>>> print(open('structure_14.txt').read())   # compact mmCIF, N, CA and C atoms
# COMPACT_ATOMS: atom_id res chain seq x y z
N MET R 30 125.57 83.98 71.70
CA MET R 30 125.20 85.06 72.62
C MET R 30 124.27 86.05 71.91
N PRO R 31 123.22 86.52 72.61
CA PRO R 31 122.30 87.47 71.98
C PRO R 31 123.00 88.80 71.68
N LYS R 32 122.51 89.49 70.66
CA LYS R 32 123.05 90.79 70.29
C LYS R 32 122.77 91.77 71.43
N SER R 33 123.72 92.66 71.65
CA SER R 33 123.56 93.64 72.71
C SER R 33 122.41 94.60 72.40
N LEU R 34 121.66 94.93 73.44
CA LEU R 34 120.59 95.91 73.30
C LEU R 34 121.10 97.31 73.60
N LEU R 35 122.28 97.40 74.17
CA LEU R 35 122.86 98.69 74.53
C LEU R 35 123.76 99.19 73.40
N PRO R 36 123.88 100.50 73.28
CA PRO R 36 124.78 101.04 72.25
C PRO R 36 126.23 100.77 72.63
N THR R 37 127.10 100.71 71.63
CA THR R 37 128.53 100.58 71.89
C THR R 37 129.19 101.93 71.61
N TRP R 38 130.33 102.15 72.23
CA TRP R 38 131.04 103.42 72.08
C TRP R 38 131.44 103.63 70.63
N ASP R 39 131.34 104.86 70.21
CA ASP R 39 131.78 105.26 68.88
C ASP R 39 132.41 106.65 69.04
N ASP R 40 133.49 106.91 68.31
CA ASP R 40 134.16 108.21 68.43
C ASP R 40 133.27 109.40 68.07
N LYS R 41 132.18 109.14 67.36
CA LYS R 41 131.27 110.25 67.05
C LYS R 41 130.59 110.79 68.31
N TYR R 42 130.69 110.05 69.44
CA TYR R 42 130.10 110.48 70.70
C TYR R 42 131.03 111.40 71.49
N ARG R 43 132.24 111.61 70.99
CA ARG R 43 133.21 112.43 71.71
C ARG R 43 132.68 113.86 71.89
N ILE R 44 132.96 114.44 73.07
CA ILE R 44 132.55 115.83 73.27
C ILE R 44 133.74 116.78 73.16
N GLY R 45 134.95 116.22 73.07
CA GLY R 45 136.12 117.07 72.87
C GLY R 45 136.97 117.28 74.12
N ASN R 46 136.57 116.70 75.23
CA ASN R 46 137.39 116.72 76.44
C ASN R 46 137.90 115.29 76.62
N ASP R 47 139.22 115.11 76.52
CA ASP R 47 139.78 113.76 76.52
C ASP R 47 139.40 112.94 77.75
N MET R 48 139.41 113.56 78.92
CA MET R 48 139.09 112.85 80.15
C MET R 48 137.62 112.41 80.16
N ILE R 49 136.73 113.32 79.81
CA ILE R 49 135.30 112.98 79.79
C ILE R 49 135.02 111.93 78.73
N ASP R 50 135.65 112.07 77.57
CA ASP R 50 135.45 111.07 76.51
C ASP R 50 135.93 109.70 76.96
N ALA R 51 137.07 109.64 77.64
CA ALA R 51 137.59 108.35 78.15
C ALA R 51 136.64 107.78 79.20
N GLN R 52 136.09 108.64 80.06
CA GLN R 52 135.15 108.18 81.08
C GLN R 52 133.87 107.65 80.43
N HIS R 53 133.36 108.36 79.44
CA HIS R 53 132.16 107.90 78.74
C HIS R 53 132.41 106.53 78.11
N LYS R 54 133.56 106.39 77.48
CA LYS R 54 133.90 105.11 76.84
C LYS R 54 133.92 103.98 77.88
N LYS R 55 134.51 104.26 79.04
CA LYS R 55 134.57 103.25 80.09
C LYS R 55 133.16 102.91 80.61
N LEU R 56 132.30 103.91 80.72
CA LEU R 56 130.93 103.67 81.17
C LEU R 56 130.19 102.76 80.19
N PHE R 57 130.39 102.98 78.91
CA PHE R 57 129.80 102.10 77.89
C PHE R 57 130.30 100.67 78.10
N GLU R 58 131.62 100.54 78.33
CA GLU R 58 132.22 99.22 78.50
C GLU R 58 131.68 98.50 79.74
N ILE R 59 131.56 99.22 80.85
CA ILE R 59 131.03 98.61 82.08
C ILE R 59 129.58 98.15 81.86
N ALA R 60 128.78 99.01 81.23
CA ALA R 60 127.38 98.66 80.97
C ALA R 60 127.27 97.41 80.10
N LEU R 61 128.10 97.33 79.07
CA LEU R 61 128.07 96.15 78.20
C LEU R 61 128.52 94.90 78.94
N ARG R 62 129.50 95.05 79.83
CA ARG R 62 129.97 93.92 80.63
C ARG R 62 128.85 93.40 81.54
N ILE R 63 128.10 94.33 82.13
CA ILE R 63 126.98 93.94 82.99
C ILE R 63 125.90 93.24 82.15
N GLU R 64 125.61 93.81 80.99
CA GLU R 64 124.59 93.18 80.14
C GLU R 64 125.03 91.77 79.75
N LYS R 65 126.29 91.61 79.37
CA LYS R 65 126.80 90.29 78.99
C LYS R 65 126.67 89.32 80.17
N ALA R 66 127.00 89.78 81.36
CA ALA R 66 126.92 88.93 82.55
C ALA R 66 125.49 88.49 82.82
N THR R 67 124.53 89.37 82.54
CA THR R 67 123.13 88.99 82.81
C THR R 67 122.66 87.92 81.84
N ASN R 68 123.37 87.73 80.74
CA ASN R 68 123.01 86.69 79.77
C ASN R 68 123.74 85.38 80.05
N GLU R 69 124.56 85.36 81.08
CA GLU R 69 125.29 84.15 81.45
C GLU R 69 124.81 83.69 82.82
N ASN R 70 125.30 82.54 83.24
CA ASN R 70 124.95 82.05 84.58
C ASN R 70 125.88 82.67 85.60
N VAL R 71 125.47 83.80 86.14
CA VAL R 71 126.26 84.46 87.17
C VAL R 71 125.38 84.66 88.40
N TYR R 72 126.04 84.75 89.53
CA TYR R 72 125.31 84.97 90.77
C TYR R 72 124.86 86.43 90.85
N GLN R 73 123.73 86.62 91.50
CA GLN R 73 123.19 87.96 91.67
C GLN R 73 124.20 88.86 92.37
N ASP R 74 124.97 88.31 93.31
CA ASP R 74 125.98 89.11 94.02
C ASP R 74 127.03 89.66 93.06
N GLU R 75 127.40 88.85 92.05
CA GLU R 75 128.38 89.31 91.07
C GLU R 75 127.83 90.48 90.26
N ILE R 76 126.56 90.38 89.90
CA ILE R 76 125.93 91.45 89.13
C ILE R 76 125.82 92.71 89.98
N LYS R 77 125.44 92.53 91.24
CA LYS R 77 125.36 93.69 92.14
C LYS R 77 126.73 94.35 92.30
N GLU R 78 127.78 93.53 92.34
CA GLU R 78 129.14 94.05 92.44
C GLU R 78 129.48 94.90 91.21
N MET R 79 129.12 94.41 90.04
CA MET R 79 129.36 95.16 88.80
C MET R 79 128.54 96.45 88.78
N LEU R 80 127.30 96.36 89.24
CA LEU R 80 126.46 97.55 89.29
C LEU R 80 127.03 98.58 90.26
N THR R 81 127.59 98.10 91.35
CA THR R 81 128.22 99.00 92.31
C THR R 81 129.42 99.69 91.67
N GLU R 82 130.20 98.93 90.90
CA GLU R 82 131.34 99.53 90.17
C GLU R 82 130.84 100.61 89.22
N LEU R 83 129.79 100.30 88.47
CA LEU R 83 129.20 101.25 87.54
C LEU R 83 128.73 102.49 88.29
N PHE R 84 128.01 102.28 89.37
CA PHE R 84 127.46 103.37 90.17
C PHE R 84 128.58 104.28 90.70
N ASN R 85 129.61 103.68 91.27
CA ASN R 85 130.73 104.47 91.80
C ASN R 85 131.45 105.24 90.71
N TYR R 86 131.63 104.59 89.56
CA TYR R 86 132.31 105.26 88.45
C TYR R 86 131.44 106.40 87.90
N MET R 87 130.13 106.18 87.87
CA MET R 87 129.22 107.24 87.43
C MET R 87 129.35 108.46 88.33
N LYS R 88 129.38 108.24 89.64
CA LYS R 88 129.48 109.37 90.58
C LYS R 88 130.79 110.13 90.36
N GLU R 89 131.87 109.39 90.18
CA GLU R 89 133.19 110.00 89.92
C GLU R 89 133.13 110.81 88.61
N HIS R 90 132.54 110.22 87.61
CA HIS R 90 132.43 110.88 86.31
C HIS R 90 131.58 112.14 86.42
N PHE R 91 130.43 112.05 87.09
CA PHE R 91 129.57 113.22 87.23
C PHE R 91 130.30 114.36 87.92
N ALA R 92 131.05 114.06 88.96
CA ALA R 92 131.79 115.10 89.69
C ALA R 92 132.79 115.77 88.75
N TYR R 93 133.51 114.98 87.98
CA TYR R 93 134.50 115.55 87.06
C TYR R 93 133.80 116.39 85.99
N GLU R 94 132.72 115.86 85.44
CA GLU R 94 132.01 116.56 84.38
C GLU R 94 131.44 117.89 84.88
N GLU R 95 130.90 117.90 86.10
CA GLU R 95 130.35 119.13 86.66
C GLU R 95 131.45 120.16 86.90
N LYS R 96 132.61 119.71 87.33
CA LYS R 96 133.76 120.61 87.53
C LYS R 96 134.17 121.21 86.18
N TYR R 97 134.22 120.38 85.15
CA TYR R 97 134.57 120.84 83.81
C TYR R 97 133.57 121.88 83.32
N MET R 98 132.26 121.61 83.50
CA MET R 98 131.24 122.54 83.06
C MET R 98 131.37 123.88 83.79
N GLN R 99 131.73 123.82 85.07
CA GLN R 99 131.94 125.05 85.84
C GLN R 99 133.13 125.83 85.28
N GLU R 100 134.21 125.11 84.96
CA GLU R 100 135.43 125.75 84.44
C GLU R 100 135.17 126.46 83.11
N ILE R 101 134.31 125.90 82.28
CA ILE R 101 134.06 126.51 80.97
C ILE R 101 132.84 127.44 81.00
N SER R 102 132.28 127.66 82.20
CA SER R 102 131.11 128.52 82.40
C SER R 102 129.91 128.07 81.57
N TYR R 103 129.68 126.76 81.59
CA TYR R 103 128.56 126.19 80.84
C TYR R 103 127.25 126.72 81.41
N PRO R 104 126.40 127.34 80.58
CA PRO R 104 125.19 128.01 81.09
C PRO R 104 124.12 127.06 81.64
N ASN R 105 124.13 125.80 81.25
CA ASN R 105 123.10 124.87 81.72
C ASN R 105 123.60 123.92 82.81
N LEU R 106 124.61 124.34 83.54
CA LEU R 106 125.21 123.50 84.58
C LEU R 106 124.18 123.02 85.60
N ASP R 107 123.35 123.93 86.11
CA ASP R 107 122.38 123.54 87.14
C ASP R 107 121.39 122.50 86.62
N LYS R 108 120.91 122.69 85.42
CA LYS R 108 119.98 121.74 84.80
C LYS R 108 120.68 120.38 84.62
N HIS R 109 121.94 120.41 84.24
CA HIS R 109 122.70 119.18 84.02
C HIS R 109 122.93 118.45 85.35
N LYS R 110 123.17 119.21 86.41
CA LYS R 110 123.34 118.60 87.74
C LYS R 110 122.07 117.87 88.16
N VAL R 111 120.92 118.45 87.86
CA VAL R 111 119.63 117.81 88.19
C VAL R 111 119.53 116.48 87.44
N SER R 112 119.93 116.48 86.19
CA SER R 112 119.91 115.25 85.39
C SER R 112 120.83 114.20 86.01
N HIS R 113 122.01 114.61 86.45
CA HIS R 113 122.95 113.68 87.10
C HIS R 113 122.32 113.10 88.38
N ARG R 114 121.68 113.96 89.15
CA ARG R 114 121.04 113.51 90.39
C ARG R 114 119.96 112.47 90.11
N ARG R 115 119.17 112.73 89.08
CA ARG R 115 118.08 111.82 88.70
C ARG R 115 118.65 110.45 88.30
N ILE R 116 119.70 110.45 87.52
CA ILE R 116 120.33 109.19 87.08
C ILE R 116 120.87 108.44 88.30
N THR R 117 121.52 109.16 89.20
CA THR R 117 122.07 108.55 90.41
C THR R 117 120.95 107.92 91.24
N GLU R 118 119.85 108.63 91.40
CA GLU R 118 118.71 108.10 92.16
C GLU R 118 118.15 106.84 91.49
N ASP R 119 118.06 106.85 90.16
CA ASP R 119 117.59 105.67 89.43
C ASP R 119 118.50 104.47 89.68
N MET R 120 119.81 104.71 89.68
CA MET R 120 120.75 103.61 89.91
C MET R 120 120.64 103.08 91.33
N VAL R 121 120.44 103.95 92.30
CA VAL R 121 120.27 103.51 93.69
C VAL R 121 119.04 102.60 93.77
N LYS R 122 117.95 103.00 93.14
CA LYS R 122 116.73 102.18 93.14
C LYS R 122 116.99 100.81 92.54
N ILE R 123 117.71 100.77 91.43
CA ILE R 123 118.00 99.49 90.78
C ILE R 123 118.80 98.59 91.71
N VAL R 124 119.90 99.13 92.23
CA VAL R 124 120.80 98.32 93.05
C VAL R 124 120.09 97.81 94.30
N THR R 125 119.21 98.60 94.87
CA THR R 125 118.58 98.21 96.13
C THR R 125 117.30 97.40 95.97
N THR R 126 116.75 97.34 94.75
CA THR R 126 115.47 96.64 94.60
C THR R 126 115.51 95.45 93.66
N ILE R 127 116.68 95.01 93.26
CA ILE R 127 116.76 93.85 92.34
C ILE R 127 116.23 92.61 93.06
N LYS R 128 115.32 91.93 92.37
CA LYS R 128 114.78 90.70 92.94
C LYS R 128 115.27 89.47 92.18
N THR R 129 115.36 89.60 90.86
CA THR R 129 115.81 88.47 90.03
C THR R 129 116.74 88.99 88.95
N THR R 130 117.43 88.08 88.26
CA THR R 130 118.30 88.49 87.16
C THR R 130 117.47 89.11 86.04
N ASN R 131 116.29 88.56 85.76
CA ASN R 131 115.43 89.15 84.73
C ASN R 131 114.97 90.55 85.12
N ASP R 132 114.66 90.72 86.38
CA ASP R 132 114.29 92.03 86.91
C ASP R 132 115.44 93.01 86.67
N LEU R 133 116.64 92.57 86.97
CA LEU R 133 117.83 93.40 86.77
C LEU R 133 117.98 93.75 85.30
N LYS R 134 117.86 92.77 84.42
CA LYS R 134 118.03 93.01 82.98
C LYS R 134 117.09 94.12 82.51
N GLU R 135 115.82 93.99 82.89
CA GLU R 135 114.84 94.99 82.46
C GLU R 135 115.19 96.38 82.97
N LYS R 136 115.49 96.46 84.28
CA LYS R 136 115.79 97.76 84.87
C LYS R 136 117.08 98.35 84.31
N LEU R 137 118.09 97.49 84.17
CA LEU R 137 119.38 97.96 83.65
C LEU R 137 119.21 98.48 82.23
N TYR R 138 118.48 97.75 81.43
CA TYR R 138 118.28 98.15 80.04
C TYR R 138 117.61 99.52 79.97
N VAL R 139 116.57 99.71 80.74
CA VAL R 139 115.84 100.98 80.71
C VAL R 139 116.76 102.13 81.14
N VAL R 140 117.46 101.97 82.26
CA VAL R 140 118.30 103.05 82.76
C VAL R 140 119.49 103.31 81.82
N MET R 141 120.14 102.24 81.36
CA MET R 141 121.31 102.44 80.52
C MET R 141 120.92 102.99 79.15
N GLN R 142 119.79 102.54 78.61
CA GLN R 142 119.33 103.11 77.34
C GLN R 142 119.08 104.60 77.54
N LYS R 143 118.34 104.90 78.60
CA LYS R 143 118.00 106.29 78.88
C LYS R 143 119.26 107.10 79.16
N TRP R 144 120.15 106.53 79.98
CA TRP R 144 121.33 107.29 80.35
C TRP R 144 122.33 107.37 79.21
N LEU R 145 122.70 106.21 78.64
CA LEU R 145 123.70 106.24 77.58
C LEU R 145 123.20 106.99 76.36
N LEU R 146 121.98 106.71 75.96
CA LEU R 146 121.49 107.35 74.74
C LEU R 146 121.07 108.79 74.97
N GLU R 147 120.19 109.00 75.94
CA GLU R 147 119.66 110.35 76.12
C GLU R 147 120.66 111.28 76.78
N HIS R 148 121.30 110.81 77.84
CA HIS R 148 122.17 111.72 78.58
C HIS R 148 123.51 111.95 77.88
N ILE R 149 124.28 110.90 77.70
CA ILE R 149 125.60 111.09 77.09
C ILE R 149 125.48 111.53 75.64
N LEU R 150 124.68 110.82 74.87
CA LEU R 150 124.65 111.08 73.44
C LEU R 150 123.91 112.36 73.07
N MET R 151 123.07 112.85 73.97
CA MET R 151 122.35 114.07 73.64
C MET R 151 122.79 115.23 74.53
N GLU R 152 122.59 115.10 75.83
CA GLU R 152 122.89 116.22 76.73
C GLU R 152 124.39 116.52 76.82
N ASP R 153 125.22 115.50 76.98
CA ASP R 153 126.65 115.75 77.11
C ASP R 153 127.27 116.26 75.81
N MET R 154 126.79 115.79 74.69
CA MET R 154 127.34 116.25 73.42
C MET R 154 127.04 117.73 73.21
N VAL R 155 125.95 118.23 73.80
CA VAL R 155 125.62 119.65 73.72
C VAL R 155 126.71 120.48 74.41
N ILE R 156 127.26 119.96 75.51
CA ILE R 156 128.33 120.66 76.22
C ILE R 156 129.52 120.86 75.28
N GLY R 157 129.90 119.78 74.60
CA GLY R 157 131.03 119.85 73.67
C GLY R 157 130.76 120.83 72.54
N ASP R 158 129.56 120.78 71.98
CA ASP R 158 129.21 121.70 70.89
C ASP R 158 129.22 123.15 71.37
N TRP R 159 128.66 123.38 72.56
CA TRP R 159 128.62 124.73 73.13
C TRP R 159 130.05 125.25 73.34
N HIS R 160 130.92 124.41 73.91
CA HIS R 160 132.29 124.83 74.19
C HIS R 160 133.05 125.14 72.90
N LYS R 161 132.89 124.30 71.89
CA LYS R 161 133.56 124.56 70.59
C LYS R 161 133.09 125.89 70.02
N GLU R 162 131.80 126.17 70.12
CA GLU R 162 131.24 127.42 69.61
C GLU R 162 131.83 128.62 70.36
N GLN R 163 131.99 128.48 71.68
CA GLN R 163 132.58 129.58 72.47
C GLN R 163 134.02 129.83 72.04
N LEU R 164 134.77 128.76 71.80
CA LEU R 164 136.17 128.90 71.38
C LEU R 164 136.25 129.60 70.03
N VAL R 165 135.37 129.25 69.11
CA VAL R 165 135.36 129.86 67.78
C VAL R 165 134.97 131.33 67.88
N ASN R 166 133.92 131.62 68.68
CA ASN R 166 133.42 132.99 68.80
C ASN R 166 134.41 133.90 69.52
N ASN R 167 135.30 133.33 70.32
CA ASN R 167 136.24 134.15 71.07
C ASN R 167 137.63 134.20 70.47
N MET R 168 137.76 133.68 69.24
CA MET R 168 139.05 133.74 68.55
C MET R 168 139.30 135.17 68.06
N PRO R 169 140.54 135.63 68.20
CA PRO R 169 140.83 136.99 67.69
C PRO R 169 140.71 137.01 66.16
N ASP R 170 140.22 138.13 65.67
CA ASP R 170 140.04 138.28 64.20
C ASP R 170 141.34 138.45 63.49
>>> encode(input="structure_14.txt", output="structure tokens")
Amino acid sequence: MPKSLLPTWDDKYRIGNDMIDAQHKKLFEIALRIEKATNENVYQDEIKEMLTELFNYMKEHFAYEEKYMQEISYPNLDKHKVSHRRITEDMVKIVTTIKTTNDLKEKLYVVMQKWLLEHILMEDMVIGDWHKEQLVNNMPD
């Protein structure tokens, strides 16, 4: 089997919220499962089913993450919501425009690389860092 092009979960990606970290880990796992399936002889319907699972889980995750950011008064919540919307729109385009398995592989790779690497590993980790800093700054002397 070819080496995965997608990153795998590592605890260094944790943001410090157990629920969000567990959701991120599951998203990595679903993405890798889809990638693995695209390298095997599977029907397009099966891949679309997996993509639908990923898409639905992403929406659930985004809702939870946005609620968490609101609870901790994260200053970049609105900007982060825009990023979530953009990712959701990209996934809708993928699911609705797949023509071949190779087409899917290319599109999935681009979105998951962009989403897993740029969004989770960069944008979401900033939330964790910001929250830890707030906790430290608000500790009584």
>>> residues_around(input="structure_14.txt", residues="Ile116 (chain R)", least_positions_apart="4", cutoff="8 Å", atoms="only C-alpha atoms", output="number ranges by chain")
R: 112, 120, 140, 144
>>> write_last_selection(input="structure_14.txt", atoms="N, CA and C atoms", output="PDB file, in the frame of the given file")
ATOM      1  N   SER R 112     119.930 116.480  86.190  1.00  0.00           N
ATOM      2  CA  SER R 112     119.910 115.250  85.390  1.00  0.00           C
ATOM      3  C   SER R 112     120.830 114.200  86.010  1.00  0.00           C
ATOM      4  N   MET R 120     119.810 104.710  89.680  1.00  0.00           N
ATOM      5  CA  MET R 120     120.750 103.610  89.910  1.00  0.00           C
ATOM      6  C   MET R 120     120.640 103.080  91.330  1.00  0.00           C
ATOM      7  N   VAL R 140     117.460 101.970  82.260  1.00  0.00           N
ATOM      8  CA  VAL R 140     118.300 103.050  82.760  1.00  0.00           C
ATOM      9  C   VAL R 140     119.490 103.310  81.820  1.00  0.00           C
ATOM     10  N   TRP R 144     120.150 106.530  79.980  1.00  0.00           N
ATOM     11  CA  TRP R 144     121.330 107.290  80.350  1.00  0.00           C
ATOM     12  C   TRP R 144     122.330 107.370  79.210  1.00  0.00           C
TER      13      TRP R 144
END
>>> select_by_dssp(input="structure_14.txt", residues="chain R", states="alpha helix (DSSP H)", output="ChimeraX atom specification")
/R:47-67,73-100,106-126,130-141,154-166
>>> residues_around(input="structure_14.txt", residues="region 84-90 of chain R", least_positions_apart="5", cutoff="8 Å", atoms="all atoms listed in the file", output="ChimeraX atom specification")
/R:49,52-53,56,78-79,95-96,117,120-121
>>> closest_residue(input="structure_14.txt", among="R:Val124, R:Val111, R:Ala92, R:Leu164", to="Ile76 (chain R)", atoms="only C-alpha atoms")
R:Val124
>>> residues_around(input="structure_14.txt", residues="Leu35 (chain R)", least_positions_apart="4", cutoff="12 Å", atoms="only C-alpha atoms", output="MDAnalysis selection string")
chainID R and resid 31 56:65 134:135 137:146
>>> atom_distance(input="structure_14.txt", atom1="CA of Ile123 (chain R)", atom2="CA of Thr67 (chain R)")
14.1 Å
>>> atom_distance(input="structure_14.txt", atom1="CA of His113 (chain R)", atom2="CA of Glu94 (chain R)")
9.9 Å
>>> closest_residue(input="structure_14.txt", among="R:Asn68, R:Thr37, R:Gln73, R:Gln99", to="Thr129 (chain R)", atoms="all atoms listed in the file")
R:Gln73
>>> atom_distance(input="structure_14.txt", atom1="atom N of Glu100 (chain R)", atom2="CA of Leu83 (chain R)")
24.5 Å
>>> axis_aligned_box(input="structure_14.txt", around="region 86-105 of chain R", padding_each_side="6 Å", output="AutoDock Vina command-line options")
--center_x 129.3 --center_y 116.6 --center_z 85.6 --size_x 24.3 --size_y 35.9 --size_z 22.0
>>> residues_around(input="structure_14.txt", residues="Ile44 (chain R)", least_positions_apart="6", cutoff="8 Å", atoms="only C-alpha atoms", output="list in words")
Asp50, Asp153, Met154, Val155, Ile156, Gly157 and Asp158 of chain R
>>> closest_residue(input="structure_14.txt", among="R:Asp132, R:Val71, R:Thr125, R:Leu150", to="Lys41 (chain R)", atoms="all atoms listed in the file")
R:Leu150
>>> build_atoms(input="structure_14.txt", residues="region 69-84 of chain R", atoms="N, CA, C and O atoms", output="compact mmCIF listing (two decimals), in the coordinates of the input")
# COMPACT_ATOMS: atom_id res chain seq x y z
N GLU R 69 124.56 85.36 81.08
CA GLU R 69 125.29 84.15 81.45
C GLU R 69 124.81 83.69 82.82
O GLU R 69 124.03 84.36 83.48
N ASN R 70 125.30 82.54 83.24
CA ASN R 70 124.95 82.05 84.58
C ASN R 70 125.88 82.67 85.60
O ASN R 70 126.96 82.17 85.86
N VAL R 71 125.47 83.80 86.14
CA VAL R 71 126.26 84.46 87.17
C VAL R 71 125.38 84.66 88.40
O VAL R 71 124.16 84.72 88.30
N TYR R 72 126.04 84.75 89.53
CA TYR R 72 125.31 84.97 90.77
C TYR R 72 124.86 86.43 90.85
O TYR R 72 125.54 87.33 90.37
N GLN R 73 123.73 86.62 91.50
CA GLN R 73 123.19 87.96 91.67
C GLN R 73 124.20 88.86 92.37
O GLN R 73 124.31 90.04 92.05
N ASP R 74 124.97 88.31 93.31
CA ASP R 74 125.98 89.11 94.02
C ASP R 74 127.03 89.66 93.06
O ASP R 74 127.50 90.78 93.21
N GLU R 75 127.40 88.85 92.05
CA GLU R 75 128.38 89.31 91.07
C GLU R 75 127.83 90.48 90.26
O GLU R 75 128.54 91.45 89.98
N ILE R 76 126.56 90.38 89.90
CA ILE R 76 125.93 91.45 89.13
C ILE R 76 125.82 92.71 89.98
O ILE R 76 126.12 93.81 89.53
N LYS R 77 125.44 92.53 91.24
CA LYS R 77 125.36 93.69 92.14
C LYS R 77 126.73 94.35 92.30
O LYS R 77 126.84 95.57 92.36
N GLU R 78 127.78 93.53 92.34
CA GLU R 78 129.14 94.05 92.44
C GLU R 78 129.48 94.90 91.21
O GLU R 78 130.04 95.99 91.32
N MET R 79 129.12 94.41 90.04
CA MET R 79 129.36 95.16 88.80
C MET R 79 128.54 96.45 88.78
O MET R 79 129.02 97.50 88.35
N LEU R 80 127.30 96.36 89.24
CA LEU R 80 126.46 97.55 89.29
C LEU R 80 127.03 98.58 90.26
O LEU R 80 126.99 99.78 89.99
N THR R 81 127.59 98.10 91.35
CA THR R 81 128.22 99.00 92.31
C THR R 81 129.42 99.69 91.67
O THR R 81 129.62 100.90 91.85
N GLU R 82 130.20 98.93 90.90
CA GLU R 82 131.34 99.53 90.17
C GLU R 82 130.84 100.61 89.22
O GLU R 82 131.39 101.71 89.16
N LEU R 83 129.79 100.30 88.47
CA LEU R 83 129.20 101.25 87.54
C LEU R 83 128.73 102.49 88.29
O LEU R 83 129.02 103.62 87.90
N PHE R 84 128.01 102.28 89.37
CA PHE R 84 127.46 103.37 90.17
C PHE R 84 128.58 104.28 90.70
O PHE R 84 128.51 105.50 90.57
